[in-house]
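Student: Input: one structure, supplied below.
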Amino acid sequence: MNKTLKWILIGITGAILLYFAINFVAVFILTYFSSSKRIENNSEEKVFEKIKRDYHIEEIEREPKYEREIEDQDTITYTLYLYSKDFCDIKPDSLKKNSLKIAKEVNRINLDSKFYQYRFVFCCKLYNPNGTAIQYVRKNLVP
């Protein structure tokens, strides 16, 4: 009797573990195939590294990040959040001069034609998107 009870408990435990394993695999497959693709652009990363180096920027975030965000829209603003502690004490005139140079650098990226405008947000605290925003229309920038 003791041996039979032991095998029943092992069987029930195995069935429960198998149930959770199958659920995990099903959820993983559903999330993998239903998630939107990130917009990937190799020239973008090279330009971002140059901008970080030249303007002493710690981190650059961009929007939109995913392809689903630009699929149904005709015109989109390409937003860059530029984080640096140097921006806490910089005057707006200096930011405008630097932002124009950055806009010309970003204009070299092979972006989708839906992006008609660049928006730069200069933030002094990391991951706090509140800061000075400057916008440029893409077609008005001459390299």
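By order in the structure tokens, chains are A, B, ...; within a chain, residues start at 1; ligands start at 1, following the order shown.
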Can you pull out every residue within 6 Å of region 81-95 of chain A, counting only C-alpha atoms, but drop anything in the same chain fewer than 5 positions away, and send it as a PDB file with N, CA and C atoms, in the first residue's frame?

Tutor:
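Dumped to part.pdb:
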```
ATOM      1  N   ILE A  57      26.891  63.541 -24.320  1.00  0.00           N
ATOM      2  CA  ILE A  57      25.559  63.069 -23.951  1.00  0.00           C
ATOM      3  C   ILE A  57      25.686  61.673 -23.364  1.00  0.00           C
ATOM      4  N   GLU A  58      25.018  61.444 -22.242  1.00  0.00           N
ATOM      5  CA  GLU A  58      25.103  60.156 -21.563  1.00  0.00           C
ATOM      6  C   GLU A  58      24.229  59.095 -22.223  1.00  0.00           C
ATOM      7  N   GLU A  59      23.005  59.485 -22.565  1.00  0.00           N
ATOM      8  CA  GLU A  59      22.041  58.506 -23.080  1.00  0.00           C
ATOM      9  C   GLU A  59      21.142  59.171 -24.114  1.00  0.00           C
ATOM     10  N   ILE A  60      20.772  58.401 -25.140  1.00  0.00           N
ATOM     11  CA  ILE A  60      19.841  58.880 -26.161  1.00  0.00           C
ATOM     12  C   ILE A  60      18.705  57.875 -26.266  1.00  0.00           C
ATOM     13  N   GLU A  61      17.489  58.364 -26.133  1.00  0.00           N
ATOM     14  CA  GLU A  61      16.301  57.535 -26.356  1.00  0.00           C
ATOM     15  C   GLU A  61      15.565  58.103 -27.550  1.00  0.00           C
ATOM     16  N   VAL A 121      14.629  66.756 -27.252  1.00  0.00           N
ATOM     17  CA  VAL A 121      14.309  67.132 -25.880  1.00  0.00           C
ATOM     18  C   VAL A 121      15.594  66.980 -25.072  1.00  0.00           C
ATOM     19  N   PHE A 122      16.116  68.096 -24.611  1.00  0.00           N
ATOM     20  CA  PHE A 122      17.351  68.110 -23.838  1.00  0.00           C
ATOM     21  C   PHE A 122      17.000  68.023 -22.358  1.00  0.00           C
ATOM     22  N   CYS A 123      17.388  66.929 -21.720  1.00  0.00           N
ATOM     23  CA  CYS A 123      17.040  66.664 -20.324  1.00  0.00           C
ATOM     24  C   CYS A 123      18.318  66.550 -19.494  1.00  0.00           C
ATOM     25  N   CYS A 124      18.263  67.069 -18.267  1.00  0.00           N
ATOM     26  CA  CYS A 124      19.457  66.996 -17.429  1.00  0.00           C
ATOM     27  C   CYS A 124      19.411  65.824 -16.447  1.00  0.00           C
ATOM     28  N   LEU A 126      18.604  61.766 -15.946  1.00  0.00           N
ATOM     29  CA  LEU A 126      18.474  60.531 -16.704  1.00  0.00           C
ATOM     30  C   LEU A 126      17.081  59.941 -16.547  1.00  0.00           C
TER      31      LEU A 126
END
```

Student: Output as a ChimeraX atom specification all residues of chain A that backbone DSSP marks as helix (DSSP H, G or I).

Tutor: /A:2-34,42-55,67-69,85-88,92-106,138-140

Student: Between A:Leu80, A:Leu100, A:Leu141, A:Thr75, which one has atoms that come closest to Ser113 (chain A), using only C-alpha atoms?

Tutor: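 Smallest distance to Ser113 (chain A) is found for A:Thr75.
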
Student: I need the residue nearest Asp54 (chain A) from this list: A:Asn98, A:Asn42, A:Thr77, A:Thr31. Use only C-alpha atoms for the distance.

Tutor: A:Asn98

Student: According to DSSP computed on the backbone, where in region 53-140 of chain A is there strand (DSSP E or B)? Give the residues as a list in words.

Tutor: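 Everything in region 53-140 of chain A that counts as strand (DSSP E or B) is Glu59, Ile60, Glu61, Arg62, Glu63, Tyr66, Ile76, Thr77, Tyr78, Thr79, Leu80, Tyr81, Leu82, Tyr83, Phe115, Tyr116, Gln117, Tyr118, Arg119, Phe120, Val121, Phe122, Cys123, Thr132, Ala133, Ile134, Gln135, Tyr136 and Val137 of chain A.
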
Student: As an exercise, work out the distance from CA of Lys65 (chain A) to CA of Lys96 (chain A) in Å and give it to one decimal place.

Tutor: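 Interatomic distance, CA of Lys65 (chain A) to CA of Lys96 (chain A): 25.0 Å.
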
Student: Give me, please, the distance in Å between CA of Ser43 (chain A) and CA of Thr132 (chain A), quoted to one decimal.

Tutor: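 CA of Thr132 (chain A) lies at a distance of 26.0 Å from CA of Ser43 (chain A).
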
Student: Of the candidates A:Lys114, A:Phe20, A:Ile29, A:Asn140, which one gets nearest to Asp72 (chain A) if we count only C-alpha atoms?

Tutor: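 When distances to Asp72 (chain A) are compared using only C-alpha atoms, the smallest one comes from A:Lys114.
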
Student: Could you name the residues that touch Val137 (chain A) at 7 Å or less, counting only C-alpha atoms, but leaving out those on the same chain fewer than 4 positions away, as a ChimeraX atom specification?

Tutor: /A:116-118

Student: Using only C-alpha atoms, pick whichever of A:Pro64, A:Phe48, A:Pro129, A:Phe24 has the shortest atom-to-atom distance to Asn107 (chain A).

Tutor: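 Selected residue with least distance to Asn107 (chain A): A:Phe48.
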
Student: Find, counting only C-alpha atoms, the residue in A:Arg62, A:Ile22, A:Gly131, A:Lys97 that gets nearest to Glu44 (chain A).

Tutor: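 Distance minimum relative to Glu44 (chain A) lands on A:Arg62.
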